[in-house]
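Coordinates from my_file-v1.cif are shown below (mmCIF, C-alpha atoms).
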data_work
#
loop_
_atom_site.label_atom_id
_atom_site.label_comp_id
_atom_site.auth_asym_id
_atom_site.auth_seq_id
_atom_site.Cartn_x
_atom_site.Cartn_y
_atom_site.Cartn_z
CA MET A 28 7.30 -38.75 -2.98
CA PHE A 29 4.84 -36.53 -1.16
CA LEU A 30 6.81 -36.80 2.10
CA TYR A 31 10.03 -35.97 0.22
CA PHE A 32 8.41 -32.85 -1.26
CA LEU A 33 6.95 -31.88 2.13
CA GLY A 34 10.38 -32.25 3.71
CA LEU A 35 11.91 -29.94 1.11
CA VAL A 36 9.22 -27.33 1.77
CA VAL A 37 9.85 -27.50 5.53
CA LEU A 38 13.63 -27.22 5.04
CA PHE A 39 13.15 -24.21 2.77
CA LEU A 40 10.87 -22.46 5.30
CA VAL A 41 13.31 -23.12 8.16
CA PHE A 42 16.23 -21.88 6.05
CA ARG A 43 14.33 -18.72 5.07
CA TRP A 44 13.29 -18.05 8.66
CA ILE A 45 16.88 -18.32 9.92
CA ARG A 46 18.23 -16.26 7.02
CA GLU A 47 15.77 -13.45 7.61
CA LEU A 48 16.47 -13.05 11.34
CA PRO A 49 19.62 -10.82 11.25
CA ARG A 50 19.08 -7.06 11.31
CA VAL A 51 21.37 -4.32 10.03
CA SER A 52 23.86 -2.78 12.44
CA ASP A 53 24.49 0.87 13.29
CA LYS A 54 20.81 1.83 13.23
CA GLY A 55 21.54 5.23 14.71
CA SER A 56 23.13 6.40 11.46
CA LYS A 57 20.57 4.87 9.09
CA TYR A 58 17.98 7.53 8.23
CA VAL A 59 14.52 6.40 7.15
CA TYR A 60 12.10 8.68 5.28
CA ILE A 61 8.41 7.71 5.53
CA THR A 62 5.48 9.34 3.72
CA GLY A 63 1.86 9.37 4.89
CA CYS A 64 2.59 9.43 8.62
CA ASP A 65 -0.56 11.20 9.79
CA SER A 66 -2.31 7.92 10.57
CA GLY A 67 -2.44 4.22 9.77
CA PHE A 68 0.57 2.18 8.70
CA GLY A 69 2.90 5.17 8.23
CA ASN A 70 2.19 6.56 11.69
CA LEU A 71 2.73 3.20 13.38
CA LEU A 72 5.90 2.51 11.39
CA ALA A 73 7.40 5.88 12.34
CA ARG A 74 6.76 5.16 16.03
CA HIS A 75 8.07 1.59 15.73
CA LEU A 76 11.31 2.51 13.95
CA ASP A 77 11.87 5.38 16.38
CA LYS A 78 11.72 2.91 19.28
CA LEU A 79 14.19 0.65 17.48
CA GLY A 80 16.70 3.48 17.24
CA PHE A 81 16.41 4.54 13.60
CA PRO A 82 16.47 8.29 12.91
CA VAL A 83 13.10 8.80 11.21
CA ILE A 84 11.99 11.60 8.92
CA ALA A 85 8.19 11.47 8.93
CA GLY A 86 6.26 13.21 6.18
CA CYS A 87 2.80 14.37 7.34
CA TYR A 88 0.11 16.14 5.35
CA THR A 89 -1.39 17.95 8.36
CA GLU A 90 0.00 19.99 11.24
CA LYS A 91 -2.08 17.87 13.61
CA GLY A 92 -0.37 14.74 12.34
CA GLU A 93 3.06 16.28 12.89
CA GLU A 94 2.23 17.49 16.37
CA GLU A 95 0.78 14.18 17.58
CA LEU A 96 3.72 12.21 16.18
CA ARG A 97 6.28 14.49 17.82
CA LYS A 98 4.57 14.07 21.18
CA ALA A 99 4.57 10.27 20.86
CA CYS A 100 8.19 9.84 19.74
CA SER A 101 11.71 10.70 20.80
CA GLY A 102 13.72 13.72 19.71
CA ASN A 103 15.39 11.43 17.19
CA LEU A 104 12.31 11.68 14.96
CA THR A 105 11.86 14.63 12.63
CA THR A 106 8.45 15.57 11.25
CA THR A 107 7.90 17.65 8.14
CA HIS A 108 4.96 18.80 6.07
CA LEU A 109 4.72 16.81 2.85
CA ASP A 110 2.26 16.93 -0.04
CA VAL A 111 3.35 14.20 -2.44
CA THR A 112 1.37 15.82 -5.27
CA SER A 113 3.32 19.09 -5.00
CA LYS A 114 6.67 19.33 -6.80
CA GLU A 115 7.70 22.19 -4.52
CA SER A 116 6.83 20.27 -1.34
CA VAL A 117 8.64 17.11 -2.46
CA ALA A 118 11.73 19.09 -3.51
CA LYS A 119 11.76 21.09 -0.26
CA VAL A 120 11.69 17.96 1.89
CA ALA A 121 14.36 16.29 -0.26
CA ALA A 122 16.65 19.31 0.20
CA MET A 123 16.09 19.20 3.96
CA ILE A 124 16.89 15.48 4.06
CA LYS A 125 20.08 15.95 2.03
CA GLN A 126 21.30 18.57 4.48
CA LYS A 127 20.27 16.51 7.51
CA VAL A 128 21.76 13.13 6.57
CA GLY A 129 25.08 14.53 5.37
CA HIS A 130 27.68 11.87 4.53
CA HIS A 131 25.47 9.12 5.99
CA GLY A 132 23.15 9.20 2.99
CA LEU A 133 19.56 7.97 3.20
CA TRP A 134 19.11 4.34 4.20
CA ALA A 135 15.48 3.93 3.15
CA VAL A 136 12.38 5.63 1.84
CA VAL A 137 8.98 4.09 2.56
CA ASN A 138 6.34 5.27 0.10
CA ASN A 139 3.22 4.81 2.20
CA ALA A 140 1.09 7.87 1.36
CA GLY A 141 -2.04 7.09 -0.63
CA VAL A 142 -5.78 7.58 -1.03
CA ALA A 143 -8.64 5.16 -1.79
CA VAL A 144 -11.59 7.42 -2.64
CA PRO A 145 -13.46 8.18 -4.81
CA SER A 146 -14.14 4.54 -5.56
CA GLY A 147 -17.06 2.98 -7.41
CA PRO A 148 -17.96 1.28 -10.70
CA CYS A 149 -15.90 2.55 -13.63
CA ASP A 150 -18.78 4.30 -15.40
CA TRP A 151 -19.59 6.26 -12.24
CA HIS A 152 -16.32 8.12 -12.59
CA VAL A 153 -14.96 10.95 -14.69
CA VAL A 154 -11.37 11.11 -15.89
CA ASP A 155 -10.48 13.68 -13.21
CA ASP A 156 -11.17 11.03 -10.55
CA TYR A 157 -8.50 8.85 -12.15
CA LYS A 158 -6.08 11.75 -12.50
CA PHE A 159 -6.50 12.68 -8.83
CA MET A 160 -5.82 9.18 -7.49
CA VAL A 161 -3.01 8.39 -9.90
CA ASN A 162 -1.42 11.71 -8.97
CA VAL A 163 -1.30 10.69 -5.31
CA ASN A 164 -0.84 6.93 -5.45
CA LEU A 165 1.54 6.72 -8.41
CA HIS A 166 3.04 10.07 -9.29
CA GLY A 167 3.59 10.79 -5.60
CA VAL A 168 5.51 7.53 -5.20
CA ILE A 169 7.65 8.26 -8.26
CA ALA A 170 8.30 11.89 -7.33
CA VAL A 171 9.34 11.12 -3.75
CA THR A 172 11.53 8.20 -4.85
CA LEU A 173 13.36 10.14 -7.55
CA SER A 174 13.87 13.12 -5.22
CA VAL A 175 15.96 11.07 -2.78
CA LEU A 176 17.26 8.23 -4.97
CA PRO A 177 20.81 9.68 -5.25
CA LEU A 178 21.05 9.68 -1.44
CA ILE A 179 19.89 6.04 -1.33
CA LYS A 180 22.28 4.92 -4.11
CA LYS A 181 25.11 6.52 -2.14
CA VAL A 182 24.76 3.92 0.64
CA GLY A 183 23.10 1.03 -1.21
CA GLY A 184 19.89 1.53 0.73
CA ARG A 185 16.28 0.55 0.20
CA VAL A 186 13.11 1.76 -1.50
CA VAL A 187 9.96 0.30 0.07
CA ASN A 188 6.74 0.80 -1.90
CA VAL A 189 3.29 0.13 -0.48
CA ALA A 190 0.90 -1.25 -3.10
CA SER A 191 -2.06 -3.54 -2.38
CA VAL A 192 -3.50 -6.94 -3.25
CA PHE A 193 -5.56 -4.85 -5.66
CA GLY A 194 -2.33 -4.21 -7.51
CA ARG A 195 -2.36 -7.91 -8.36
CA ILE A 196 -6.05 -8.46 -9.00
CA SER A 197 -8.90 -6.05 -9.70
CA VAL A 198 -12.28 -6.92 -8.24
CA THR A 199 -13.59 -3.36 -7.92
CA GLY A 200 -14.03 -0.56 -10.41
CA GLY A 201 -12.63 2.94 -10.35
CA PRO A 202 -9.13 4.37 -10.13
CA TYR A 203 -7.80 2.57 -7.02
CA PRO A 204 -6.74 -0.73 -8.65
CA VAL A 205 -5.48 1.21 -11.68
CA SER A 206 -3.13 3.22 -9.47
CA LYS A 207 -1.94 0.18 -7.53
CA PHE A 208 -1.26 -1.89 -10.66
CA ALA A 209 0.86 1.05 -11.84
CA VAL A 210 2.80 1.12 -8.56
CA GLU A 211 3.60 -2.56 -9.09
CA GLY A 212 4.98 -1.75 -12.53
CA PHE A 213 7.11 1.11 -11.24
CA ASN A 214 8.39 -1.06 -8.39
CA ASP A 215 9.42 -3.91 -10.71
CA SER A 216 11.20 -1.66 -13.20
CA LEU A 217 12.98 0.24 -10.42
CA ARG A 218 14.03 -3.02 -8.71
CA ILE A 219 15.77 -4.24 -11.86
CA GLY A 220 17.29 -0.85 -12.63
CA MET A 221 18.72 -0.26 -9.16
CA ALA A 222 20.11 -3.77 -8.58
CA PRO A 223 23.55 -2.95 -10.08
CA PHE A 224 23.88 -0.11 -7.54
CA GLY A 225 23.16 -2.36 -4.58
CA VAL A 226 19.80 -0.68 -3.91
CA LYS A 227 17.04 -3.05 -2.78
CA VAL A 228 13.52 -2.20 -4.01
CA LEU A 229 10.84 -3.96 -1.99
CA LEU A 230 7.07 -4.16 -2.20
CA ILE A 231 4.33 -4.42 0.44
CA GLU A 232 1.00 -5.81 -0.80
CA PRO A 233 -1.41 -5.73 2.17
CA GLY A 234 -4.80 -7.38 2.24
CA PHE A 235 -7.75 -5.78 4.03
CA PHE A 236 -6.84 -3.95 7.25
CA LYS A 237 -8.80 -1.47 9.36
CA THR A 238 -7.47 1.86 8.09
CA ASN A 239 -9.01 4.84 6.31
CA VAL A 240 -8.80 2.84 3.09
CA THR A 241 -11.35 0.34 4.42
CA ASP A 242 -13.36 2.71 6.61
CA SER A 243 -16.97 1.90 5.70
CA LYS A 244 -18.17 5.44 6.53
CA ILE A 245 -15.63 7.00 4.17
CA GLN A 246 -16.38 4.48 1.44
CA ILE A 247 -20.16 4.92 1.80
CA GLU A 248 -19.89 8.70 1.57
CA SER A 249 -17.78 8.27 -1.54
CA VAL A 250 -20.33 5.95 -3.15
CA LYS A 251 -23.20 8.30 -2.29
CA GLY A 252 -21.30 11.28 -3.71
CA LEU A 253 -20.60 9.45 -6.95
CA TRP A 254 -24.24 8.36 -7.27
CA GLU A 255 -25.58 11.87 -6.75
CA ARG A 256 -23.63 13.28 -9.67
CA LEU A 257 -24.53 10.48 -12.10
CA PRO A 258 -26.67 11.23 -15.15
CA GLN A 259 -30.17 9.74 -14.83
CA GLU A 260 -29.44 7.41 -17.74
CA ILE A 261 -26.69 5.63 -15.79
CA LYS A 262 -28.79 5.51 -12.62
CA ASP A 263 -31.52 3.82 -14.65
CA ASP A 264 -29.02 1.23 -15.90
CA TYR A 265 -28.21 0.20 -12.34
CA GLY A 266 -31.68 0.57 -10.86
CA SER A 267 -33.11 2.87 -8.20
CA ASP A 268 -32.34 0.41 -5.38
CA TYR A 269 -28.72 -0.20 -6.39
CA LEU A 270 -27.33 2.53 -4.14
CA ASP A 271 -29.09 1.15 -1.04
CA LYS A 272 -27.77 -2.33 -1.79
CA ALA A 273 -24.23 -0.99 -2.32
CA VAL A 274 -24.35 0.92 0.97
CA LYS A 275 -25.61 -2.17 2.82
CA LEU A 276 -22.96 -4.42 1.30
CA THR A 277 -20.18 -1.96 2.09
CA SER A 278 -21.38 -1.48 5.65
CA GLU A 279 -21.66 -5.20 6.34
CA SER A 280 -18.63 -6.56 4.48
CA LEU A 281 -15.73 -4.14 5.01
CA SER A 282 -15.63 -4.42 8.79
CA LYS A 283 -15.85 -8.21 8.64
CA MET A 284 -13.15 -8.53 5.99
CA SER A 285 -10.68 -6.11 7.58
CA ASP A 286 -7.99 -7.21 10.02
CA GLY A 287 -7.56 -4.95 13.05
CA ASP A 288 -3.93 -5.94 13.69
CA LEU A 289 -2.07 -3.26 11.73
CA MET A 290 1.25 -4.46 13.14
CA LYS A 291 1.15 -7.34 10.66
CA VAL A 292 1.81 -4.77 7.96
CA VAL A 293 4.15 -2.64 10.05
CA ASN A 294 6.30 -5.65 10.90
CA CYS A 295 6.67 -6.38 7.18
CA MET A 296 7.67 -2.75 6.60
CA GLU A 297 10.17 -2.91 9.45
CA HIS A 298 11.66 -6.12 8.05
CA ALA A 299 12.01 -4.51 4.62
CA VAL A 300 13.87 -1.59 6.20
CA ALA A 301 15.94 -3.38 8.83
CA ALA A 302 16.60 -6.97 7.75
CA VAL A 303 19.97 -7.88 6.30
CA TRP A 304 18.16 -10.13 3.81
CA PRO A 305 14.71 -8.58 3.12
CA ARG A 306 12.15 -10.20 0.84
CA LYS A 307 11.32 -8.79 -2.59
CA ARG A 308 7.59 -8.87 -1.79
CA TYR A 309 5.53 -9.00 1.39
CA SER A 310 1.87 -10.01 1.54
CA PRO A 311 0.62 -9.23 5.06
CA GLY A 312 -2.81 -10.57 5.99
CA TRP A 313 -4.30 -14.06 5.78
CA ASP A 314 -6.72 -12.89 3.09
CA ALA A 315 -3.80 -11.73 0.94
CA LYS A 316 -1.86 -14.98 1.33
CA PHE A 317 -4.67 -17.48 0.99
CA PHE A 318 -7.33 -15.75 -1.11
CA TRP A 319 -6.42 -12.66 -3.13
CA LEU A 320 -2.93 -13.66 -4.32
CA PRO A 321 -3.87 -17.27 -5.18
CA MET A 322 -6.92 -15.88 -6.96
CA SER A 323 -4.66 -13.62 -9.03
CA TYR A 324 -3.03 -16.71 -10.56
CA MET A 325 -6.33 -18.30 -11.55
CA PRO A 326 -7.65 -18.25 -15.13
CA THR A 327 -9.54 -15.04 -15.88
CA CYS A 328 -12.80 -16.86 -16.52
CA ILE A 329 -12.71 -18.36 -13.01
CA VAL A 330 -11.87 -15.02 -11.39
CA ASP A 331 -14.72 -13.35 -13.27
CA TYR A 332 -17.15 -16.06 -12.15
CA ILE A 333 -16.14 -15.70 -8.48
CA VAL A 334 -16.34 -11.90 -8.54
CA LEU A 335 -19.58 -11.65 -10.50
CA SER A 336 -21.33 -14.30 -8.41
CA GLY A 337 -21.12 -11.97 -5.43
CA ALA A 338 -21.85 -8.73 -7.28
CA ILE A 339 -24.96 -6.63 -6.82
CA PRO A 340 -27.34 -7.30 -9.76
CA VAL A 341 -28.06 -4.36 -12.03
CA LYS A 342 -31.45 -3.48 -13.51
CA ARG A 343 -30.39 -3.32 -17.14
CA GLN A 344 -29.14 -6.81 -17.95
CA LYS A 345 -27.49 -7.80 -21.22
CA LYS A 346 -29.87 -8.97 -23.95
#
Once more with this new file: its structure as structure tokens, please.
Amino acid sequence: MFLYFLGLVVLFLVFRWIRELPRVSDKGSKYVYITGCDSGFGNLLARHLDKLGFPVIAGCYTEKGEEELRKACSGNLTTTHLDVTSKESVAKVAAMIKQKVGHHGLWAVVNNAGVAVPSGPCDWHVVDDYKFMVNVNLHGVIAVTLSVLPLIKKVGGRVVNVASVFGRISVTGGPYPVSKFAVEGFNDSLRIGMAPFGVKVLLIEPGFFKTNVTDSKIQIESVKGLWERLPQEIKDDYGSDYLDKAVKLTSESLSKMSDGDLMKVVNCMEHAVAAVWPRKRYSPGWDAKFFWLPMSYMPTCIVDYIVLSGAIPVKRQKK
């Protein structure tokens, strides 16, 4: 019985591998709009798709990001300033894209732009921290998608949303997992809603990779900034040495946990854009596949035990 089941699993994997090999034709007329191209996954994806022959429209937040990307890519790539939190900026880029793509429509939008700080325990934050991150990580995704959705529906194209394993399980406090859980909800509702129009809505849920999101220096500065503004009462709850322990843990753990091969994520993004039969969800990273996602299916009491067993102890314990 076990061998029979194993054989079925192997046959399924072989079938899926063969099915996912074909790529779409006529790449030169399939425009791809990517947000967050200044660095990280978005920057690498823009370069990768440009080499493959896709006409890329790369949204960058800074002039430096635009300039460096233009120098690295062919004349087939177009850069543009984009602030996903600005209605005017999103609308301006959408109007430019509509004029540029003409009757070809827009083949895909990749919602990659996002932020990960400030990030700390929930009671270290104020509501404005949540509003800021949700505005970028969620409202930005929705605004960009809706601004170009008619162009995508025109050709039965794709919407590719970048979430996180922390959109499936929350093991840290603060607004980051809140925003990523919300992206998952938007993605699922959009996927169902757009299916009758032939639009594929696909999700990338990366594990830990070496980007600005997992940069220990950025995270440590964020934690220190949050601690400094805390009322003394909350500092007393955690203990005077809590900050030092948090800094040490962040410094030691993030670099060890993070995968330096960003192409694992970029290849998933490329497959979502270019494959004839893309997957609904991608989970790049061994930690995502074999730890975080399996953990998300575990009973809550087990997840809590695993997370809390590795947490920094606080001074004020429950009575």
- So which one's closest to Arg256 of chain A, A:Tyr157, A:Trp151, A:Phe208, A:Phe317? Using all atoms listed in the file, please.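 With all atoms listed in the file as the atom set, the closest residue is A:Trp151.
Evaluated against this file, the PyMOL selection byres ((chain A and resi 227) around 10) yields Ala135, Ile179, Lys180, Gly183, Gly184, Arg185, Val186, Val187, Leu217, Arg218, Ile219, Met221, Ala222, Pro223, Phe224, Gly225, Val226, Val228, Leu229, Ala299, Val300, Trp304, Pro305, Arg306 and Lys307 of chain A.
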- Item | Given all atoms listed in the file as the counted atoms, nearest of A:Met284, A:Cys328, A:Ile45, A:Cys100 to Gly80 of chain A |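 Using all atoms listed in the file, the shortest distance to Gly80 of chain A belongs to A:Cys100.
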- Task: Would you kindly translate the PyMOL selection byres ((chain A and resi 62) around 8) into the concrete residues it picks from this file, as an NGL selection string?
- Result: :A and (60-61 or 63-64 or 69 or 85-87 or 109 or 137-140)
- Result set, the PyMOL selection byres ((chain A and resi 106) around 9) on current file, as a PyMOL selection string: chain A and resi 64+83-87+92-94+96-97+104-105+107-108
- Message: Show me, as a PyMOL selection string, the residues that have an atom within 12 Å of Val168 of chain A when counting only C-alpha atoms, minus same-chain residues fewer than 6 positions from it.
- Response: chain A and resi 61-63+110-114+117+136-141+160-162+174-176+186-190+206-207+209-214+217
- Closest of A:Ser323, A:Asn70, A:Thr277, A:Asn294 to Ser249 of chain A - atom-to-atom distances counting all atoms listed in the file: A:Thr277
- Please tell me which residues are no farther than 12 Å from (25.3, 7.5, 5.1) in the file, counting only C-alpha atoms, and write them as a count of residues only. 28
- Message: as JSON, numbers by chain, please: the residues near segment 310-312 of chain A (cut-off 6 Å, all atoms listed in the file, same-chain neighbours under 6 positions excluded).
- Response: {"A": [232, 233, 234, 291, 292]}
- Got a sec: who's within 12 Å of Phe235 of chain A, counting only C-alpha atoms, leaving out chain neighbours fewer than 5 positions off, as an MDAnalysis selection string? chainID A and resid 191:193 240:242 280:289 291:292 310:316 318:319
- Message: Residues near Glu260 of chain A, anyone? I mean within 12 Å using only C-alpha atoms, not counting same-chain ones fewer than 3 positions away, as a PyMOL selection string.
- Response: chain A and resi 150-151+254+256-257+263-267+342-343
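Atom pair atom CA of Met290 of chain A / atom CA of Arg308 of chain A has a distance of 16.8 Å (rounded to one decimal).
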Have segment 120-140 of chain A completed to N, CA, C and O atoms, please, and pass it along as a PDB file, in the coordinates of the input.
ATOM      1  N   VAL A 120      11.370  19.001   0.914  1.00  0.00           N
ATOM      2  CA  VAL A 120      11.690  17.960   1.890  1.00  0.00           C
ATOM      3  C   VAL A 120      12.957  17.228   1.491  1.00  0.00           C
ATOM      4  O   VAL A 120      13.799  16.919   2.340  1.00  0.00           O
ATOM      5  N   ALA A 121      13.151  16.976   0.207  1.00  0.00           N
ATOM      6  CA  ALA A 121      14.360  16.290  -0.260  1.00  0.00           C
ATOM      7  C   ALA A 121      15.608  17.123   0.057  1.00  0.00           C
ATOM      8  O   ALA A 121      16.645  16.567   0.459  1.00  0.00           O
ATOM      9  N   ALA A 122      15.518  18.426  -0.113  1.00  0.00           N
ATOM     10  CA  ALA A 122      16.650  19.310   0.200  1.00  0.00           C
ATOM     11  C   ALA A 122      16.958  19.280   1.694  1.00  0.00           C
ATOM     12  O   ALA A 122      18.130  19.261   2.106  1.00  0.00           O
ATOM     13  N   MET A 123      15.910  19.273   2.512  1.00  0.00           N
ATOM     14  CA  MET A 123      16.090  19.200   3.960  1.00  0.00           C
ATOM     15  C   MET A 123      16.762  17.884   4.361  1.00  0.00           C
ATOM     16  O   MET A 123      17.668  17.852   5.201  1.00  0.00           O
ATOM     17  N   ILE A 124      16.321  16.796   3.738  1.00  0.00           N
ATOM     18  CA  ILE A 124      16.890  15.480   4.060  1.00  0.00           C
ATOM     19  C   ILE A 124      18.361  15.426   3.661  1.00  0.00           C
ATOM     20  O   ILE A 124      19.200  14.924   4.423  1.00  0.00           O
ATOM     21  N   LYS A 125      18.690  15.953   2.486  1.00  0.00           N
ATOM     22  CA  LYS A 125      20.080  15.950   2.030  1.00  0.00           C
ATOM     23  C   LYS A 125      20.991  16.681   3.006  1.00  0.00           C
ATOM     24  O   LYS A 125      22.102  16.220   3.320  1.00  0.00           O
ATOM     25  N   GLN A 126      20.505  17.801   3.514  1.00  0.00           N
ATOM     26  CA  GLN A 126      21.300  18.570   4.480  1.00  0.00           C
ATOM     27  C   GLN A 126      21.395  17.830   5.814  1.00  0.00           C
ATOM     28  O   GLN A 126      22.447  17.827   6.459  1.00  0.00           O
ATOM     29  N   LYS A 127      20.326  17.163   6.203  1.00  0.00           N
ATOM     30  CA  LYS A 127      20.270  16.510   7.510  1.00  0.00           C
ATOM     31  C   LYS A 127      21.133  15.243   7.565  1.00  0.00           C
ATOM     32  O   LYS A 127      21.836  15.000   8.542  1.00  0.00           O
ATOM     33  N   VAL A 128      21.066  14.420   6.525  1.00  0.00           N
ATOM     34  CA  VAL A 128      21.760  13.130   6.570  1.00  0.00           C
ATOM     35  C   VAL A 128      23.253  13.264   6.320  1.00  0.00           C
ATOM     36  O   VAL A 128      24.048  12.406   6.750  1.00  0.00           O
ATOM     37  N   GLY A 129      23.664  14.310   5.617  1.00  0.00           N
ATOM     38  CA  GLY A 129      25.080  14.530   5.370  1.00  0.00           C
ATOM     39  C   GLY A 129      25.738  13.348   4.669  1.00  0.00           C
ATOM     40  O   GLY A 129      25.192  12.774   3.727  1.00  0.00           O
ATOM     41  N   HIS A 130      26.921  12.955   5.165  1.00  0.00           N
ATOM     42  CA  HIS A 130      27.680  11.870   4.530  1.00  0.00           C
ATOM     43  C   HIS A 130      27.062  10.497   4.771  1.00  0.00           C
ATOM     44  O   HIS A 130      27.439   9.518   4.123  1.00  0.00           O
ATOM     45  N   HIS A 131      26.104  10.414   5.701  1.00  0.00           N
ATOM     46  CA  HIS A 131      25.470   9.120   5.990  1.00  0.00           C
ATOM     47  C   HIS A 131      24.583   8.643   4.833  1.00  0.00           C
ATOM     48  O   HIS A 131      24.336   7.442   4.686  1.00  0.00           O
ATOM     49  N   GLY A 132      24.089   9.573   4.037  1.00  0.00           N
ATOM     50  CA  GLY A 132      23.150   9.200   2.990  1.00  0.00           C
ATOM     51  C   GLY A 132      21.805   8.817   3.593  1.00  0.00           C
ATOM     52  O   GLY A 132      21.585   8.912   4.805  1.00  0.00           O
ATOM     53  N   LEU A 133      20.887   8.382   2.750  1.00  0.00           N
ATOM     54  CA  LEU A 133      19.560   7.970   3.200  1.00  0.00           C
ATOM     55  C   LEU A 133      19.449   6.460   3.084  1.00  0.00           C
ATOM     56  O   LEU A 133      19.617   5.907   2.000  1.00  0.00           O
ATOM     57  N   TRP A 134      19.171   5.799   4.210  1.00  0.00           N
ATOM     58  CA  TRP A 134      19.110   4.340   4.200  1.00  0.00           C
ATOM     59  C   TRP A 134      17.862   3.818   3.492  1.00  0.00           C
ATOM     60  O   TRP A 134      17.921   2.857   2.732  1.00  0.00           O
ATOM     61  N   ALA A 135      16.704   4.458   3.744  1.00  0.00           N
ATOM     62  CA  ALA A 135      15.480   3.930   3.150  1.00  0.00           C
ATOM     63  C   ALA A 135      14.419   5.003   3.002  1.00  0.00           C
ATOM     64  O   ALA A 135      14.343   5.929   3.810  1.00  0.00           O
ATOM     65  N   VAL A 136      13.609   4.859   1.975  1.00  0.00           N
ATOM     66  CA  VAL A 136      12.380   5.630   1.840  1.00  0.00           C
ATOM     67  C   VAL A 136      11.227   4.637   1.793  1.00  0.00           C
ATOM     68  O   VAL A 136      11.318   3.607   1.123  1.00  0.00           O
ATOM     69  N   VAL A 137      10.174   4.934   2.556  1.00  0.00           N
ATOM     70  CA  VAL A 137       8.980   4.090   2.560  1.00  0.00           C
ATOM     71  C   VAL A 137       7.832   4.904   1.991  1.00  0.00           C
ATOM     72  O   VAL A 137       7.344   5.853   2.623  1.00  0.00           O
ATOM     73  N   ASN A 138       7.424   4.546   0.780  1.00  0.00           N
ATOM     74  CA  ASN A 138       6.340   5.270   0.100  1.00  0.00           C
ATOM     75  C   ASN A 138       4.999   4.692   0.551  1.00  0.00           C
ATOM     76  O   ASN A 138       4.480   3.740  -0.039  1.00  0.00           O
ATOM     77  N   ASN A 139       4.449   5.304   1.589  1.00  0.00           N
ATOM     78  CA  ASN A 139       3.220   4.810   2.200  1.00  0.00           C
ATOM     79  C   ASN A 139       2.004   5.676   1.890  1.00  0.00           C
ATOM     80  O   ASN A 139       0.875   5.195   1.933  1.00  0.00           O
ATOM     81  N   ALA A 140       2.212   6.955   1.565  1.00  0.00           N
ATOM     82  CA  ALA A 140       1.090   7.870   1.360  1.00  0.00           C
ATOM     83  C   ALA A 140       0.205   7.403   0.213  1.00  0.00           C
ATOM     84  O   ALA A 140       0.686   6.954  -0.833  1.00  0.00           O
TER      85      ALA A 140
END
